Amino acid sequence: MSSRHHNILLVGTYSSRNKGDAAMQVSAARALGRALQGCRIVISSPFPKLDRSFYADATVTGSSRRRLIWGTLLLLRALTWSSCKRRLGLEVPALLNDELRQMVEADLVVDLSGDMLTEDYGVHVAYSHYLPILTGMALGRKVALCAQSIGPFRWTRGLARSILNRAALVTARDRITWDYLREMGVTNPALRLTADLAFLLEPAPSERVDEILSREGVSRGRRPLLGVSLSGLIQAKYEARNPSARGTPFVRGIASVLDQVASELDCDVMFVAHVTGPARSKDDRRVARRVAKAMRRKSWVLQADYKPEELKGVIARTDLFFGARMHANIAALSSGVPTVAIAYSHKTQGIMDSVGQQARVLDIRRDALEAAAGLLRSTWQEREQVRATLRQNVESLRVSSRENISLLLGLLQGSEAS
């Protein structure tokens, strides 16, 4: 490509304290930076003060998308600015704050919402993620929706369909999303099936992983190590939707499963937090500590806050993984670790399908927690076969993941040509 300076704006992020979110941002920024020497990556974040030190190699600007009224007013300002420019040939700088100015200067706006373009978390959450996409479109920018699990929609289905059909590029990271978008009437010829960007994330060096495990007091003996990723969200989904929740409280049920599995497999247990904030209520370590306290067998809960590549290196040291956080599962799967996933939406099933592990999913909305013990047991018994399947499938997913970057570069080439 041309060596001219490119500005790429990444929107849809939440916080670097969500390590799955951070894995997508870091993977995209590094891959684009390698392909476009000297390009400027800007990350639009609702928590810029928190994220600036984390994303030190990028420019971090504030995002208003979580303040719905203010975000809507910014969208109206963008529409007004574009109307003045188009109809009167006038640019009105007073209409642009820093957030809008970053969009105006962007050669490409890339939405990395992950699994947030859905009403699963509420209509207001879906709308908050529509806002930067609509604002970018209003300003005449090319907007790409990259490597996402999308849907389902009910109340905003028409708006979602319009956005998806107007986007310069839409890449679905799983077949379930692809089929759903076709079913809901997305006819955009720029719809592609790829894979999650986190498959491109490289783990931290082995020396750094050793340092982390030593600091956390995790001693590796001859016993296998079972890695566990839990979340308060999974607990809430279970208790709200699963009929068996009344008889088996989440913390007690998971603790019982882990005690049973650890005893049967004679393994150690390590809890890995893939979300640590920004709000205390979002911190996975809280539910992990409660479960660890309820267990009879000793376990470790990683206490510090780590980067996504560090967590991937740690997870790669486990022999079996049981994960509620999808990107923790991707870290395990892409490292060849046999994994049982806990699901509450189609995103997890879609990722597990893509690596040939569709049978190793516990749906927290309907399955009894006790079923996890059987899934973990059978996965361990079939671990060599599972590892062989992962070796075969993960490399093709890395190729599909890199296709996201190629498609984004293609959009930039189109911008240069025009």
# chains A, B, ... in the order shown; residues from 1 in each chain; ligands from 1
call {"tool": "residues_around", "arguments": {"residues": "A:Asn242", "least_positions_apart": "4", "cutoff": "9 Å", "atoms": "only C-alpha atoms", "output": "compact mmCIF listing (two decimals) with C-alpha atoms, in the first residue's frame"}}
result
# COMPACT_ATOMS: atom_id res chain seq x y z
CA LYS A 237 -27.80 -15.22 33.82
CA TYR A 238 -27.95 -18.58 35.56
CA ARG A 246 -33.53 -22.39 42.94
CA ILE A 364 -26.10 -21.70 31.71
CA ARG A 365 -29.66 -20.79 30.71
CA ARG A 366 -30.91 -24.36 30.68
CA ASP A 367 -28.28 -26.94 31.70
CA ALA A 368 -27.83 -28.13 35.26
call {"tool": "closest_atom_pairs", "arguments": {"of": "stretch 114-154 of chain A", "to": "stretch 176-193 of chain A", "cutoff": "8 Å", "atoms": "only C-alpha atoms", "output": "Markdown table"}}
result
| residue | atom | partner | partner_atom | distance |
| --- | --- | --- | --- | --- |
| A:Ser149 | CA | A:Thr177 | CA | 5.6 |
| A:Ile150 | CA | A:Thr177 | CA | 5.7 |
| A:Gly151 | CA | A:Thr177 | CA | 7.2 |
| A:Pro152 | CA | A:Tyr180 | CA | 7.9 |
call {"tool": "residues_around", "arguments": {"residues": "A:Asn7", "least_positions_apart": "6", "cutoff": "6 Å", "atoms": "only C-alpha atoms", "output": "PDB file with N, CA and C atoms, in the first residue's frame"}}
result
ATOM      1  N   ARG A  40      -1.613   5.981  12.225  1.00  0.00           N
ATOM      2  CA  ARG A  40      -2.031   6.486  13.530  1.00  0.00           C
ATOM      3  C   ARG A  40      -3.288   5.754  13.947  1.00  0.00           C
ATOM      4  N   ALA A 106     -10.502  10.550  10.400  1.00  0.00           N
ATOM      5  CA  ALA A 106     -10.235   9.123  10.200  1.00  0.00           C
ATOM      6  C   ALA A 106     -10.414   8.726   8.736  1.00  0.00           C
ATOM      7  N   ASP A 107      -9.457   7.968   8.232  1.00  0.00           N
ATOM      8  CA  ASP A 107      -9.618   7.360   6.907  1.00  0.00           C
ATOM      9  C   ASP A 107     -10.556   6.170   6.979  1.00  0.00           C
TER      10      ASP A 107
END
call {"tool": "closest_residue", "arguments": {"among": "A:Val386, A:Leu108, A:Gln260, A:Gly136", "to": "A:Leu76", "atoms": "only C-alpha atoms"}}
result
A:Gly136
call {"tool": "atom_distance", "arguments": {"atom1": "atom CA of A:Asp98", "atom2": "atom CA of A:Val110"}}
result
17.5 Å
